[in-house]
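Structure file start_10.txt; described as compact mmCIF, C-alpha atoms and all ligand atoms.
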# COMPACT_ATOMS: atom_id res chain seq x y z
CA MET A 1 141.46 79.15 130.04
CA ARG A 2 139.65 76.22 128.51
CA ASN A 3 136.66 78.34 127.57
CA VAL A 4 138.55 81.17 125.97
CA LEU A 5 139.33 79.59 122.65
CA PRO A 6 135.83 78.47 121.73
CA ARG A 7 134.48 81.88 122.73
CA ALA A 8 137.10 83.68 120.67
CA LEU A 9 136.39 81.38 117.77
CA ALA A 10 132.68 81.96 118.06
CA ALA A 11 133.25 85.73 118.05
CA CYS A 12 135.42 85.32 114.98
CA VAL A 13 132.80 83.28 113.15
CA LEU A 14 130.08 85.79 114.03
CA ALA A 15 132.20 88.72 112.89
CA SER A 16 133.04 87.13 109.58
CA ALA A 17 129.43 86.08 108.99
CA ALA A 18 128.25 89.65 109.56
CA GLY A 19 131.11 90.93 107.43
CA SER A 20 130.30 88.68 104.52
CA ALA A 21 126.56 89.40 104.80
CA SER A 22 127.06 93.13 104.42
CA ALA A 23 129.62 92.68 101.66
CA GLN A 24 127.53 90.13 99.78
CA GLU A 25 126.49 91.04 96.29
CA VAL A 26 122.76 90.69 95.71
CA THR A 27 121.38 89.73 92.29
CA LEU A 28 117.86 90.83 91.35
CA LYS A 29 115.79 89.23 88.63
CA GLY A 30 114.63 91.83 86.09
CA ILE A 31 112.05 91.63 83.30
CA THR A 32 110.42 93.94 80.75
CA ALA A 33 106.85 93.88 79.41
CA PHE A 34 108.05 95.27 76.06
CA ALA A 35 110.17 93.49 73.47
CA GLU A 36 113.87 93.60 74.26
CA GLN A 37 115.91 96.36 72.65
CA THR A 38 112.81 98.20 71.43
CA PHE A 39 111.95 101.78 72.30
CA TYR A 40 109.98 101.13 75.52
CA SER A 41 112.59 98.73 76.91
CA ARG A 42 115.61 100.86 76.12
CA GLY A 43 115.33 103.08 79.22
CA PHE A 44 115.20 99.98 81.40
CA GLU A 45 118.20 98.52 79.62
CA ARG A 46 120.18 101.70 80.30
CA PHE A 47 119.11 101.43 83.95
CA VAL A 48 120.25 97.80 84.17
CA ALA A 49 123.61 98.68 82.61
CA LYS A 50 124.11 101.52 85.10
CA VAL A 51 123.14 99.42 88.14
CA ASN A 52 125.45 96.63 87.00
CA ALA A 53 128.33 99.09 86.53
CA ASP A 54 127.79 101.15 89.70
CA GLY A 55 126.76 98.15 91.75
CA LYS A 56 129.79 95.88 91.20
CA GLY A 57 130.24 93.83 94.36
CA ILE A 58 127.05 95.38 95.84
CA ILE A 59 124.02 94.73 93.64
CA GLN A 60 123.43 93.35 90.15
CA ILE A 61 120.39 92.86 87.92
CA ASN A 62 120.01 89.66 85.96
CA TYR A 63 117.98 90.81 82.95
CA ILE A 64 115.82 87.90 81.90
CA GLY A 65 114.27 89.65 78.90
CA GLY A 66 110.85 90.53 77.52
CA PRO A 67 107.67 88.90 76.14
CA LYS A 68 109.62 85.87 74.96
CA ALA A 69 110.28 85.12 78.62
CA MET A 70 106.85 86.17 80.00
CA PRO A 71 103.56 87.40 78.48
CA PRO A 72 103.33 91.19 79.01
CA PHE A 73 100.02 91.12 80.88
CA GLU A 74 101.51 88.72 83.45
CA VAL A 75 104.48 90.85 84.44
CA GLY A 76 102.51 92.77 87.12
CA ASN A 77 101.55 89.59 88.93
CA ALA A 78 105.08 88.19 88.68
CA LEU A 79 106.35 91.36 90.33
CA LYS A 80 103.66 91.31 93.01
CA THR A 81 104.39 87.72 94.00
CA GLY A 82 108.16 88.10 93.82
CA VAL A 83 108.70 85.76 90.86
CA VAL A 84 110.69 88.72 89.56
CA ASP A 85 112.25 91.51 91.65
CA ILE A 86 112.24 94.38 89.24
CA ALA A 87 110.11 95.09 86.18
CA ASN A 88 109.73 97.52 83.29
CA ASP A 89 106.00 97.90 82.69
CA THR A 90 103.12 100.26 81.92
CA GLY A 91 100.01 100.72 84.05
CA ALA A 92 97.67 99.52 81.29
CA PHE A 93 99.27 96.05 81.45
CA TYR A 94 98.40 95.40 85.12
CA THR A 95 94.96 97.02 85.53
CA ASN A 96 93.69 93.56 86.59
CA LEU A 97 95.59 94.09 89.86
CA MET A 98 95.57 97.87 90.10
CA PRO A 99 93.06 99.70 87.88
CA GLU A 100 94.36 103.08 89.11
CA ALA A 101 97.70 102.51 87.36
CA ASP A 102 96.09 103.33 84.01
CA ALA A 103 95.55 106.89 85.28
CA TRP A 104 99.25 107.69 84.67
CA LYS A 105 98.33 108.19 81.00
CA LEU A 106 96.23 111.21 82.06
CA THR A 107 99.02 113.23 83.70
CA GLU A 108 99.28 116.77 82.38
CA ARG A 109 102.05 117.79 84.77
CA PRO A 110 105.68 116.59 84.85
CA MET A 111 106.60 113.79 87.25
CA SER A 112 108.86 116.20 89.15
CA GLU A 113 105.72 118.16 90.09
CA ILE A 114 103.62 115.06 90.79
CA ARG A 115 106.36 113.85 93.14
CA LYS A 116 105.96 117.16 95.02
CA ASN A 117 102.19 117.76 94.93
CA GLY A 118 101.21 114.54 96.70
CA GLY A 119 100.17 112.64 93.57
CA TYR A 120 103.15 110.29 93.66
CA ASP A 121 102.65 109.57 97.38
CA TYR A 122 98.96 108.89 96.80
CA MET A 123 99.78 106.41 94.04
CA ALA A 124 102.61 104.91 96.13
CA LYS A 125 100.08 103.78 98.76
CA ILE A 126 98.02 102.05 96.08
CA TYR A 127 101.15 100.40 94.61
CA ASP A 128 101.98 99.22 98.12
CA GLN A 129 98.51 97.75 98.77
CA LYS A 130 97.61 96.33 95.37
CA LEU A 131 100.89 95.53 93.64
CA ASN A 132 103.21 95.01 96.62
CA ALA A 133 105.61 97.25 94.73
CA ILE A 134 107.33 100.63 94.58
CA LEU A 135 107.42 102.73 91.41
CA LEU A 136 111.09 103.70 91.05
CA ALA A 137 111.21 105.74 87.85
CA ARG A 138 108.84 106.80 85.09
CA HIS A 139 111.15 106.95 82.10
CA ILE A 140 108.49 107.57 79.43
CA ASP A 141 106.41 110.77 79.57
CA ASP A 142 105.41 113.51 77.07
CA ASN A 143 104.85 110.74 74.56
CA PRO A 144 101.35 110.98 73.05
CA PHE A 145 99.25 108.04 71.92
CA HIS A 146 97.72 108.03 68.45
CA LEU A 147 95.13 106.15 66.50
CA TYR A 148 96.63 104.37 63.45
CA LEU A 149 94.25 103.25 60.71
CA ASN A 150 94.02 101.37 57.43
CA LYS A 151 90.67 102.94 56.53
CA PRO A 152 90.38 106.72 56.19
CA ILE A 153 88.14 108.85 58.39
CA THR A 154 87.31 112.55 58.02
CA LYS A 155 85.97 113.33 61.47
CA PRO A 156 86.22 111.98 65.03
CA ASP A 157 83.69 109.23 64.49
CA LEU A 158 84.94 105.63 64.73
CA THR A 159 81.62 103.92 64.07
CA GLY A 160 82.11 100.69 62.11
CA LEU A 161 85.84 100.40 62.87
CA LYS A 162 87.37 97.48 64.73
CA LEU A 163 90.44 98.61 66.65
CA ARG A 164 93.20 96.92 68.61
CA ILE A 165 93.41 98.33 72.12
CA THR A 166 94.77 97.98 75.62
CA PRO A 167 92.99 99.58 78.60
CA VAL A 168 94.66 102.90 77.60
CA TYR A 169 92.33 103.43 74.65
CA ARG A 170 89.21 101.43 75.54
CA ASP A 171 86.91 104.12 76.96
CA PHE A 172 87.93 106.77 74.43
CA PHE A 173 87.64 104.65 71.27
CA GLN A 174 84.35 103.17 72.44
CA ALA A 175 83.01 106.64 73.22
CA LEU A 176 83.65 107.47 69.54
CA GLY A 177 81.74 104.39 68.39
CA ALA A 178 84.51 101.85 67.70
CA THR A 179 84.43 98.12 68.35
CA VAL A 180 87.56 97.12 70.27
CA VAL A 181 89.72 94.04 70.73
CA GLN A 182 92.52 93.86 73.29
CA THR A 183 95.87 92.34 72.28
CA ALA A 184 99.44 92.39 73.49
CA PRO A 185 101.80 94.39 71.24
CA GLY A 186 103.26 91.14 69.92
CA GLU A 187 99.96 90.28 68.21
CA VAL A 188 99.37 93.58 66.41
CA TYR A 189 101.32 92.80 63.22
CA THR A 190 99.40 89.59 62.53
CA ALA A 191 96.05 91.22 63.38
CA LEU A 192 96.77 93.95 60.80
CA GLU A 193 98.08 91.50 58.22
CA ARG A 194 94.97 89.34 58.48
CA GLY A 195 92.63 92.33 58.51
CA VAL A 196 91.27 91.29 61.91
CA VAL A 197 91.48 94.97 62.91
CA ASP A 198 91.15 98.23 60.95
CA GLY A 199 93.68 99.98 63.13
CA TYR A 200 95.27 100.23 66.54
CA GLY A 201 96.23 102.51 69.36
CA TRP A 202 99.93 103.07 70.02
CA PRO A 203 102.15 106.02 70.95
CA ILE A 204 103.92 108.19 68.37
CA THR A 205 107.17 106.21 68.83
CA GLY A 206 108.05 102.59 68.31
CA ILE A 207 105.93 101.33 65.40
CA PHE A 208 109.11 100.59 63.41
CA ASP A 209 110.42 98.33 66.17
CA LEU A 210 107.83 95.68 65.33
CA GLY A 211 107.47 96.41 61.61
CA TRP A 212 103.96 97.87 61.79
CA GLN A 213 104.75 100.62 59.26
CA GLU A 214 104.41 97.91 56.59
CA LYS A 215 100.76 97.43 57.53
CA THR A 216 99.76 101.01 58.44
CA LYS A 217 98.24 103.55 56.03
CA TYR A 218 97.15 106.45 58.26
CA ARG A 219 97.93 108.14 61.55
CA VAL A 220 95.23 110.31 63.11
CA ASP A 221 96.34 113.65 64.59
CA PRO A 222 96.29 115.04 67.19
CA GLY A 223 97.71 112.55 69.66
CA PHE A 224 96.24 112.24 73.14
CA TYR A 225 97.41 111.46 76.70
CA SER A 226 101.01 110.83 77.76
CA ALA A 227 102.36 107.28 77.63
CA GLU A 228 103.84 105.99 80.87
CA VAL A 229 106.47 103.28 81.18
CA SER A 230 108.13 102.80 84.55
CA ILE A 231 110.52 100.65 86.51
CA LEU A 232 108.96 98.95 89.53
CA ILE A 233 110.50 96.93 92.34
CA ASN A 234 108.90 94.29 94.57
CA LYS A 235 108.43 95.65 98.10
CA ASN A 236 109.92 92.65 99.91
CA THR A 237 112.96 92.75 97.65
CA TRP A 238 113.41 96.45 98.46
CA ALA A 239 113.01 95.87 102.20
CA LYS A 240 115.83 93.32 102.16
CA LEU A 241 118.36 95.66 100.54
CA ASN A 242 120.95 97.44 102.68
CA ASP A 243 121.60 101.19 102.40
CA ALA A 244 124.40 100.83 99.84
CA GLN A 245 122.25 98.62 97.62
CA LYS A 246 119.28 100.98 97.93
CA LYS A 247 121.52 103.88 96.98
CA VAL A 248 122.68 102.23 93.76
CA ILE A 249 119.06 101.53 92.75
CA GLY A 250 117.79 104.93 93.93
CA ASP A 251 120.50 106.89 92.13
CA ALA A 252 119.99 104.98 88.87
CA SER A 253 116.22 105.59 89.16
CA ALA A 254 116.55 109.36 89.63
CA TRP A 255 119.10 109.43 86.79
CA LEU A 256 116.69 107.64 84.46
CA GLU A 257 113.54 109.58 85.38
CA ALA A 258 115.41 112.83 84.67
CA GLN A 259 115.93 111.59 81.09
CA ALA A 260 112.18 111.15 80.44
CA GLN A 261 111.97 114.60 78.88
CA ASP A 262 114.27 113.42 76.07
CA THR A 263 111.27 111.45 74.76
CA VAL A 264 110.15 114.62 72.96
CA LYS A 265 113.10 114.37 70.54
CA GLU A 266 112.21 110.78 69.78
CA ASN A 267 108.59 111.81 69.12
CA GLU A 268 109.72 114.17 66.38
CA ALA A 269 112.17 111.68 64.87
CA ASP A 270 109.55 108.93 64.65
CA ALA A 271 106.93 111.28 63.14
CA GLU A 272 109.47 112.09 60.39
CA LYS A 273 110.21 108.41 59.89
CA GLN A 274 106.49 107.67 59.54
CA LYS A 275 106.19 110.36 56.89
CA ALA A 276 109.13 108.90 54.98
CA ALA A 277 107.50 105.45 55.20
CA GLY A 278 104.40 106.84 53.47
CA ILE A 279 102.06 106.89 56.47
CA GLN A 280 99.53 109.66 55.76
CA VAL A 281 98.36 112.00 58.48
CA ILE A 282 94.63 112.44 58.95
CA ALA A 283 94.33 115.86 60.57
CA PHE A 284 91.00 117.11 61.90
CA THR A 285 89.67 120.66 61.70
CA ASP A 286 90.54 122.73 64.78
CA ALA A 287 87.04 122.27 66.17
CA ASP A 288 87.10 118.50 65.61
CA ALA A 289 90.61 118.28 67.08
CA LYS A 290 89.39 120.03 70.23
CA PHE A 291 86.36 117.74 70.42
CA TYR A 292 88.65 114.69 69.99
CA HIS A 293 91.11 115.89 72.65
CA ASP A 294 88.39 116.77 75.17
CA LYS A 295 86.60 113.49 74.55
CA ALA A 296 89.83 111.58 75.20
CA TYR A 297 90.32 113.13 78.64
CA GLN A 298 86.64 113.04 79.54
CA ALA A 299 86.28 109.35 78.61
CA GLY A 300 89.65 108.56 80.24
CA TRP A 301 88.80 110.15 83.59
CA ASP A 302 85.23 108.83 83.53
CA GLY A 303 86.72 105.35 83.13
CA VAL A 304 89.21 105.80 85.98
CA ILE A 305 86.54 107.22 88.30
CA LYS A 306 84.11 104.44 87.44
CA GLN A 307 86.77 101.82 88.30
CA SER A 308 87.94 103.67 91.42
CA PRO A 309 85.20 105.96 92.72
CA GLU A 310 87.30 106.93 95.73
CA SER A 311 90.78 107.40 94.27
CA GLY A 312 89.79 108.55 90.79
CA PRO A 313 88.67 112.12 91.70
CA LYS A 314 91.78 112.61 93.88
CA LEU A 315 94.09 111.44 91.09
CA LYS A 316 92.33 113.83 88.73
CA GLU A 317 93.22 116.74 91.04
CA PHE A 318 96.88 115.69 91.32
CA PHE A 319 97.39 114.84 87.63
CA SER A 320 95.29 117.30 85.61
CA LYS A 321 96.46 120.59 84.17
CA PRO A 322 95.97 123.36 86.76
CA LYS A 323 92.80 125.27 85.88
O1 LIG B 401 99.28 100.11 73.20
C1 LIG B 401 99.82 99.56 74.17
O2 LIG B 401 100.20 98.39 74.14
C2 LIG B 401 100.00 100.34 75.39
O3 LIG B 401 99.12 100.38 76.21
C3 LIG B 401 101.27 101.08 75.58
C4 LIG B 401 101.50 101.76 76.77
C5 LIG B 401 102.68 102.46 76.95
C6 LIG B 401 103.62 102.48 75.94
C7 LIG B 401 103.40 101.79 74.76
C8 LIG B 401 102.23 101.09 74.57
Now, as a test, write the supplied structure out as structure tokens.
Ligand code: 173
Amino acid sequence: MRNVLPRALAACVLASAAGSASAQEVTLKGITAFAEQTFYSRGFERFVAKVNADGKGIIQINYIGGPKAMPPFEVGNALKTGVVDIANDTGAFYTNLMPEADAWKLTERPMSEIRKNGGYDYMAKIYDQKLNAILLARHIDDNPFHLYLNKPITKPDLTGLKLRITPVYRDFFQALGATVVQTAPGEVYTALERGVVDGYGWPITGIFDLGWQEKTKYRVDPGFYSAEVSILINKNTWAKLNDAQKKVIGDASAWLEAQAQDTVKENEADAEKQKAAGIQVIAFTDADAKFYHDKAYQAGWDGVIKQSPESGPKLKEFFSKPK
């Protein structure tokens, strides 16, 4: 008789501990590499709002913010080491850890196909090994990059121009003769204002977010590549989640990635806005436009393959337009 009570108590304590563990709400730390409430952070912010609504009592995201909280090129390492659990970032910002991530810009097939043809799985292994992370959702796609200039050009020759870049544009702009200088987006306005650069690479959308239209005279057409911005989660964080928590995150990810195609509408709206702001389009002849386009992909893939001689050719097969 004497032993019964402690044993019953112990069972009770165990049961309630297990009960509270499974019912416990988990809070993840989230960060974005782009300025808060600007175009490339908005998808992430919708994702955070959905997780926090659907995940009440299960899982929440504490959104710490953007470049004011952490320099954009450091977000990849913060995710890898678990300083943050979940991040909104683009491959070009963490090539120091995973050069292959920059290859996302070269996709010429929708993510739905790349998830089926083995390309996503191939990249997932590299994310696992080099970034200790899982790519949850690519929410920016079909969003071309452009060259913006303050000096006019008439053909695809950038000799004598100094351009702001990230790894996205380096090989291409250099192949056309430009001198390049890498900066975070937050430094572009000042670089233009001071005349430190003659232009910059950036996608078709978002220049109004940081006021660059005030310091931009020309946009060169056509655009090239397809910008990628994705939500990533630290692998250890993911492994600790229970099924219900994983479902909230997984459902919100699928929901967001399915919206990536809406980017096309934003592309058109921003092109109109640029026109209204007086940004002139420099359009090449058809032959020059083809040369420019082909050079972009050739220089882009050459760069990826040079960095990753083993993975590069495989990624090219998964990502390129079927021949
Ligand atoms: O130009 C950039 O900073 C850059 O690389 C990028 C990538 C994806 C979306 C927007 C910008």
Listing only residues of chain A within 6 Å of ligand LIG 401 (chain B), what is the closest atom pair and its distance in Å (to one decimal) for each, using all atoms listed in the file, sorted by chain and residue number ascending, as JSON lines?
{"residue": "A:Thr90", "atom": "CA", "partner": "B:LIG401", "partner_atom": "C5", "distance": 5.5}
{"residue": "A:Ala92", "atom": "CA", "partner": "B:LIG401", "partner_atom": "O3", "distance": 5.4}
{"residue": "A:Thr166", "atom": "CA", "partner": "B:LIG401", "partner_atom": "O3", "distance": 5.0}
{"residue": "A:Val168", "atom": "CA", "partner": "B:LIG401", "partner_atom": "O3", "distance": 5.3}
{"residue": "A:Pro185", "atom": "CA", "partner": "B:LIG401", "partner_atom": "O2", "distance": 5.2}
{"residue": "A:Gly201", "atom": "CA", "partner": "B:LIG401", "partner_atom": "O1", "distance": 5.5}
{"residue": "A:Trp202", "atom": "CA", "partner": "B:LIG401", "partner_atom": "O1", "distance": 4.4}
{"residue": "A:Pro203", "atom": "CA", "partner": "B:LIG401", "partner_atom": "C7", "distance": 5.8}
{"residue": "A:Ala227", "atom": "CA", "partner": "B:LIG401", "partner_atom": "C5", "distance": 4.9}
{"residue": "A:Glu228", "atom": "CA", "partner": "B:LIG401", "partner_atom": "C5", "distance": 5.4}
{"residue": "A:Val229", "atom": "CA", "partner": "B:LIG401", "partner_atom": "C5", "distance": 5.7}
Which one of A:Thr237, A:Ser230, A:Gln174, A:Thr159 sits closest to Thr32 of chain A if you count only C-alpha atoms?
A:Ser230
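With all atoms listed in the file as the atoms that count, the residue of A:Val197, A:Ala87, A:Ala283, A:Leu315 with the shortest distance to Lys105 of chain A is A:Leu315.
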A:Leu28, A:Leu210, A:Ala137, A:Val248 ranked by distance to Asp85 of chain A, top pick (using all atoms listed in the file)
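Using all atoms listed in the file, Asp85 of chain A sits closest to A:Leu28.
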Nearest to Gly195 of chain A among A:Ser226, A:Ser320, A:Thr216, A:Gln307, with distances taken over all atoms listed in the file: which residue is it?
A:Thr216
Hey, what's within 8 Å of Ile31 of chain A if we count only C-alpha atoms and toss same-chain stuff fewer than 3 positions away? As a PyMOL selection string, please?
chain A and resi 63-66+75+84+86-88
So how many Å separate atom CA of Ala35 of chain A and atom CA of Gly119 of chain A, to one decimal?
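Interatomic distance here is 29.5 Å.
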Quick check, in Å to one decimal: how far apart do atom CA of Thr107 of chain A and atom CA of Val181 of chain A lie?
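It comes out at 25.0 Å.
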Which is closer to Ala269 of chain A than all the others in A:Phe208, A:Phe291, A:Phe318, A:Phe224, using all atoms listed in the file?
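Of A:Phe208, A:Phe291, A:Phe318, A:Phe224, the one nearest Ala269 of chain A, counting all atoms listed in the file, is A:Phe208.
Put simply, atom CA of Pro167 of chain A is 15.9 Å away from atom CA of Phe34 of chain A.
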Skipping near chain neighbours, those fewer than 4 positions away, what residues fall within 9 Å of Ile61 of chain A using only C-alpha atoms, listed as a list of chain:residue names?
A:Val26, A:Thr27, A:Leu28, A:Lys29, A:Gly30, A:Val48, A:Ala49, A:Val51, A:Asn52, A:Ile86
